[in-house]
$ cat target.cif   # mmCIF, C-alpha atoms, pLDDT in the B column; chains and numbers go by the auth columns
data_run
#
loop_
_atom_site.group_PDB
_atom_site.id
_atom_site.type_symbol
_atom_site.label_atom_id
_atom_site.label_comp_id
_atom_site.label_asym_id
_atom_site.label_seq_id
_atom_site.Cartn_x
_atom_site.Cartn_y
_atom_site.Cartn_z
_atom_site.B_iso_or_equiv
_atom_site.auth_seq_id
_atom_site.auth_asym_id
ATOM 1 C CA MET A 1 117.110 109.334 108.378 41.00 1 A
ATOM 2 C CA THR A 2 114.075 107.581 109.810 44.00 2 A
ATOM 3 C CA ALA A 3 111.995 105.326 107.615 46.00 3 A
ATOM 4 C CA SER A 4 108.245 105.174 107.828 48.00 4 A
ATOM 5 C CA LYS A 5 107.096 102.110 109.735 55.00 5 A
ATOM 6 C CA ASN A 6 104.867 100.896 106.903 70.00 6 A
ATOM 7 C CA LEU A 7 107.453 101.054 104.084 66.00 7 A
ATOM 8 C CA THR A 8 108.977 97.733 103.061 68.00 8 A
ATOM 9 C CA GLY A 9 112.206 98.827 101.409 80.00 9 A
ATOM 10 C CA SER A 10 111.041 97.291 98.136 89.00 10 A
ATOM 11 C CA VAL A 11 109.728 99.142 95.130 92.00 11 A
ATOM 12 C CA CYS A 12 106.836 98.512 92.769 92.00 12 A
ATOM 13 C CA THR A 13 108.028 96.666 89.664 89.00 13 A
ATOM 14 C CA ARG A 14 105.490 98.575 87.572 92.00 14 A
ATOM 15 C CA CYS A 15 106.062 102.209 88.577 93.00 15 A
ATOM 16 C CA GLY A 16 109.117 102.191 90.863 92.00 16 A
ATOM 17 C CA LYS A 17 107.382 103.832 93.836 93.00 17 A
ATOM 18 C CA PRO A 18 107.916 102.382 97.322 93.00 18 A
ATOM 19 C CA ARG A 19 105.684 99.511 98.425 93.00 19 A
ATOM 20 C CA VAL A 20 103.865 99.675 101.774 93.00 20 A
ATOM 21 C CA VAL A 21 102.819 96.945 104.212 92.00 21 A
ATOM 22 C CA VAL A 22 99.084 96.282 104.034 91.00 22 A
ATOM 23 C CA GLU A 23 98.870 93.291 106.364 93.00 23 A
ATOM 24 C CA THR A 24 101.160 91.012 108.356 94.00 24 A
ATOM 25 C CA TYR A 25 100.129 87.700 109.883 95.00 25 A
ATOM 26 C CA GLU A 26 101.613 84.442 111.156 96.00 26 A
ATOM 27 C CA GLU A 27 100.606 80.885 110.342 95.00 27 A
ATOM 28 C CA LYS A 28 101.756 77.676 111.978 95.00 28 A
ATOM 29 C CA VAL A 29 102.961 75.131 109.407 93.00 29 A
ATOM 30 C CA GLU A 30 103.798 71.808 111.045 93.00 30 A
ATOM 31 C CA THR A 31 106.518 72.730 113.562 95.00 31 A
ATOM 32 C CA SER A 32 107.370 76.151 112.109 96.00 32 A
ATOM 33 C CA VAL A 33 105.737 79.551 112.297 96.00 33 A
ATOM 34 C CA VAL A 34 105.631 81.355 108.951 96.00 34 A
ATOM 35 C CA MET A 35 105.217 85.133 108.884 95.00 35 A
ATOM 36 C CA TYR A 36 103.430 86.585 105.853 94.00 36 A
ATOM 37 C CA THR A 37 103.606 90.219 104.806 92.00 37 A
ATOM 38 C CA ILE A 38 101.147 91.539 102.232 92.00 38 A
ATOM 39 C CA THR A 39 102.438 94.636 100.439 93.00 39 A
ATOM 40 C CA ALA A 40 101.000 97.036 97.885 94.00 40 A
ATOM 41 C CA CYS A 41 102.186 99.913 95.749 94.00 41 A
ATOM 42 C CA SER A 42 101.936 103.268 97.499 92.00 42 A
ATOM 43 C CA ASP A 43 100.206 104.626 94.358 95.00 43 A
ATOM 44 C CA SER A 44 96.603 103.414 94.582 93.00 44 A
ATOM 45 C CA GLU A 45 95.965 103.806 90.825 96.00 45 A
ATOM 46 C CA CYS A 46 99.020 101.684 90.019 96.00 46 A
ATOM 47 C CA GLN A 47 97.913 99.045 92.555 95.00 47 A
ATOM 48 C CA LYS A 48 94.450 98.912 90.946 96.00 48 A
ATOM 49 C CA LYS A 49 96.090 98.155 87.594 96.00 49 A
ATOM 50 C CA VAL A 50 98.337 95.503 89.165 94.00 50 A
ATOM 51 C CA ASP A 51 95.317 93.908 90.870 95.00 51 A
ATOM 52 C CA GLN A 52 93.455 93.823 87.538 96.00 52 A
ATOM 53 C CA VAL A 53 96.408 92.092 85.811 95.00 53 A
ATOM 54 C CA LEU A 54 96.684 89.556 88.651 95.00 54 A
ATOM 55 C CA LYS A 55 92.931 88.903 88.516 97.00 55 A
ATOM 56 C CA GLU A 56 93.129 88.213 84.766 98.00 56 A
ATOM 57 C CA GLU A 57 96.149 85.913 85.198 98.00 57 A
ATOM 58 C CA LYS A 58 94.313 83.979 87.915 98.00 58 A
ATOM 59 C CA ARG A 59 91.275 83.593 85.646 98.00 59 A
ATOM 60 C CA LYS A 60 93.499 82.284 82.827 98.00 60 A
ATOM 61 C CA ARG A 61 95.180 79.771 85.158 98.00 61 A
ATOM 62 C CA LEU A 62 91.783 78.498 86.316 98.00 62 A
ATOM 63 C CA VAL A 63 90.636 78.038 82.705 98.00 63 A
ATOM 64 C CA ILE A 64 93.843 76.164 81.859 98.00 64 A
ATOM 65 C CA LYS A 65 93.473 73.940 84.942 98.00 65 A
ATOM 66 C CA ASP A 66 89.839 73.182 84.078 97.00 66 A
ATOM 67 C CA GLU A 67 90.766 72.268 80.490 98.00 67 A
ATOM 68 C CA GLN A 68 93.603 70.060 81.740 97.00 68 A
ATOM 69 C CA GLU A 69 91.248 68.212 84.105 97.00 69 A
ATOM 70 C CA LYS A 70 88.744 67.672 81.280 97.00 70 A
ATOM 71 C CA ARG A 71 91.491 66.264 79.021 97.00 71 A
ATOM 72 C CA GLU A 72 92.634 63.944 81.811 97.00 72 A
ATOM 73 C CA LEU A 73 89.097 62.613 82.338 96.00 73 A
ATOM 74 C CA LEU A 74 88.695 62.070 78.595 95.00 74 A
ATOM 75 C CA ARG A 75 92.055 60.272 78.438 95.00 75 A
ATOM 76 C CA LYS A 76 91.086 57.982 81.314 93.00 76 A
ATOM 77 C CA ALA A 77 87.679 57.257 79.747 93.00 77 A
ATOM 78 C CA THR A 78 89.311 56.446 76.401 93.00 78 A
ATOM 79 C CA PHE A 79 91.841 54.175 78.091 90.00 79 A
ATOM 80 C CA ALA A 80 89.087 52.380 80.041 89.00 80 A
ATOM 81 C CA ALA A 81 87.005 51.926 76.851 88.00 81 A
ATOM 82 C CA ARG A 82 89.989 50.414 75.030 88.00 82 A
ATOM 83 C CA LYS A 83 90.715 48.110 77.940 85.00 83 A
ATOM 84 C CA ASN A 84 87.120 46.856 78.079 83.00 84 A
ATOM 85 C CA ALA A 85 86.862 46.359 74.293 72.00 85 A
#
$ encode --input "target.cif" --output "structure tokens"
Amino acid sequence: MTASKNLTGSVCTRCGKPRVVVETYEEKVETSVVMYTITACSDSECQKKVDQVLKEEKRKRLVIKDEQEKRELLRKATFAARKNA
């Protein structure tokens, strides 16, 4: 049995279909070379849904990070005001 060159051997966690390699690239990190492999579901409709979920999760994380930074600035300002009073 010969496997297709672009199949990864892994399956989509959403639909169970095989994942395919979209892109592979190397990056030098200090003294090591790290190889990255970007994969996607072989079902394009499923991948669109996965991409939408990931986009929403990223948006939520950015909102949370922004709120955290605002709270930290407020905390520091409050601490500085107390110290100067």
$ resolve_selection --input "target.cif" --expression "the PyMOL selection byres ((chain A and resi 9-12) around 10)" --output "CSV table (one decimal) with C-alpha atoms, in the frame of the given file"
chain,number,residue,atom,x,y,z
A,3,ALA,CA,112.0,105.3,107.6
A,4,SER,CA,108.2,105.2,107.8
A,6,ASN,CA,104.9,100.9,106.9
A,7,LEU,CA,107.5,101.1,104.1
A,8,THR,CA,109.0,97.7,103.1
A,13,THR,CA,108.0,96.7,89.7
A,14,ARG,CA,105.5,98.6,87.6
A,15,CYS,CA,106.1,102.2,88.6
A,16,GLY,CA,109.1,102.2,90.9
A,17,LYS,CA,107.4,103.8,93.8
A,18,PRO,CA,107.9,102.4,97.3
A,19,ARG,CA,105.7,99.5,98.4
A,20,VAL,CA,103.9,99.7,101.8
A,21,VAL,CA,102.8,96.9,104.2
A,39,THR,CA,102.4,94.6,100.4
A,40,ALA,CA,101.0,97.0,97.9
A,41,CYS,CA,102.2,99.9,95.7
A,42,SER,CA,101.9,103.3,97.5
A,43,ASP,CA,100.2,104.6,94.4
A,46,CYS,CA,99.0,101.7,90.0
A,47,GLN,CA,97.9,99.0,92.6
A,50,VAL,CA,98.3,95.5,89.2
$ atom_distance --input "target.cif" --atom1 "atom CA of Val22 of chain A" --atom2 "atom CA of Thr37 of chain A"
7.6 Å
$ resolve_selection --input "target.cif" --expression "the PyMOL selection byres ((chain A and resi 24) around 7)" --output "PyMOL selection string"
chain A and resi 23+25+36-38
$ atom_distance --input "target.cif" --atom1 "atom CA of Asp51 of chain A" --atom2 "atom CA of Lys70 of chain A"
28.7 Å
$ decode --input "target.cif" --residues "segment 1-35 of chain A" --atoms "N, CA and C atoms" --output "short mmCIF file (atom, residue, chain, number, x, y, z; two decimals), in the first residue's frame"
data_model
loop_
_atom_site.label_atom_id
_atom_site.label_comp_id
_atom_site.auth_asym_id
_atom_site.auth_seq_id
_atom_site.Cartn_x
_atom_site.Cartn_y
_atom_site.Cartn_z
N MET A 1 0.84 -1.17 0.00
CA MET A 1 0.00 0.00 0.00
C MET A 1 0.89 1.23 0.00
N THR A 2 0.66 2.13 -0.94
CA THR A 2 1.44 3.36 -0.99
C THR A 2 0.58 4.52 -0.55
N ALA A 3 1.14 5.32 0.35
CA ALA A 3 0.41 6.47 0.87
C ALA A 3 0.66 7.68 -0.02
N SER A 4 -0.33 8.53 -0.11
CA SER A 4 -0.16 9.77 -0.84
C SER A 4 0.89 10.62 -0.15
N LYS A 5 1.68 11.33 -0.92
CA LYS A 5 2.78 12.10 -0.36
C LYS A 5 2.31 13.23 0.54
N ASN A 6 1.09 13.75 0.32
CA ASN A 6 0.64 14.89 1.09
C ASN A 6 -0.20 14.51 2.30
N LEU A 7 -0.43 13.24 2.58
CA LEU A 7 -1.17 12.83 3.77
C LEU A 7 -0.23 12.79 4.96
N THR A 8 -0.74 13.15 6.13
CA THR A 8 0.11 13.25 7.31
C THR A 8 0.06 12.02 8.20
N GLY A 9 -0.94 11.20 8.05
CA GLY A 9 -1.11 10.07 8.97
C GLY A 9 -1.99 10.44 10.14
N SER A 10 -2.30 11.71 10.30
CA SER A 10 -3.20 12.13 11.37
C SER A 10 -4.60 12.37 10.79
N VAL A 11 -5.56 12.42 11.68
CA VAL A 11 -6.93 12.63 11.23
C VAL A 11 -7.50 13.90 11.86
N CYS A 12 -8.49 14.47 11.21
CA CYS A 12 -9.15 15.66 11.71
C CYS A 12 -9.91 15.30 12.99
N THR A 13 -9.75 16.10 14.03
CA THR A 13 -10.43 15.83 15.29
C THR A 13 -11.91 16.14 15.20
N ARG A 14 -12.31 16.90 14.19
CA ARG A 14 -13.72 17.27 14.04
C ARG A 14 -14.50 16.23 13.26
N CYS A 15 -13.96 15.80 12.11
CA CYS A 15 -14.73 14.89 11.24
C CYS A 15 -14.09 13.51 11.05
N GLY A 16 -12.83 13.35 11.43
CA GLY A 16 -12.18 12.05 11.32
C GLY A 16 -11.55 11.75 9.97
N LYS A 17 -11.64 12.68 9.03
CA LYS A 17 -11.02 12.47 7.71
C LYS A 17 -9.52 12.74 7.81
N PRO A 18 -8.74 12.19 6.88
CA PRO A 18 -7.29 12.40 6.94
C PRO A 18 -6.92 13.87 6.74
N ARG A 19 -5.86 14.28 7.43
CA ARG A 19 -5.34 15.65 7.27
C ARG A 19 -4.26 15.62 6.19
N VAL A 20 -4.10 16.74 5.47
CA VAL A 20 -3.10 16.83 4.41
C VAL A 20 -2.13 17.96 4.73
N VAL A 21 -0.91 17.84 4.22
CA VAL A 21 0.12 18.86 4.41
C VAL A 21 -0.18 20.03 3.48
N VAL A 22 -0.26 21.22 4.07
CA VAL A 22 -0.49 22.43 3.28
C VAL A 22 0.83 23.13 3.00
N GLU A 23 1.69 23.17 4.03
CA GLU A 23 2.97 23.88 3.90
C GLU A 23 3.97 23.30 4.89
N THR A 24 5.22 23.26 4.48
CA THR A 24 6.32 22.84 5.35
C THR A 24 7.44 23.85 5.20
N TYR A 25 8.00 24.29 6.33
CA TYR A 25 9.11 25.22 6.27
C TYR A 25 10.01 25.04 7.49
N GLU A 26 11.25 25.53 7.36
CA GLU A 26 12.23 25.43 8.44
C GLU A 26 12.54 26.83 8.96
N GLU A 27 12.88 26.87 10.26
CA GLU A 27 13.25 28.13 10.88
C GLU A 27 14.42 27.86 11.82
N LYS A 28 15.42 28.73 11.77
CA LYS A 28 16.56 28.57 12.66
C LYS A 28 16.24 29.26 13.98
N VAL A 29 16.34 28.51 15.08
CA VAL A 29 16.10 29.02 16.42
C VAL A 29 17.37 28.76 17.22
N GLU A 30 18.10 29.85 17.48
CA GLU A 30 19.40 29.79 18.13
C GLU A 30 20.30 28.83 17.37
N THR A 31 20.64 27.68 17.96
CA THR A 31 21.56 26.75 17.28
C THR A 31 20.83 25.58 16.63
N SER A 32 19.51 25.56 16.71
CA SER A 32 18.72 24.46 16.16
C SER A 32 17.94 24.90 14.93
N VAL A 33 17.57 23.93 14.12
CA VAL A 33 16.69 24.17 12.99
C VAL A 33 15.37 23.46 13.30
N VAL A 34 14.29 24.23 13.32
CA VAL A 34 12.97 23.68 13.63
C VAL A 34 12.19 23.57 12.33
N MET A 35 11.60 22.40 12.10
CA MET A 35 10.80 22.18 10.89
C MET A 35 9.32 22.25 11.26
#
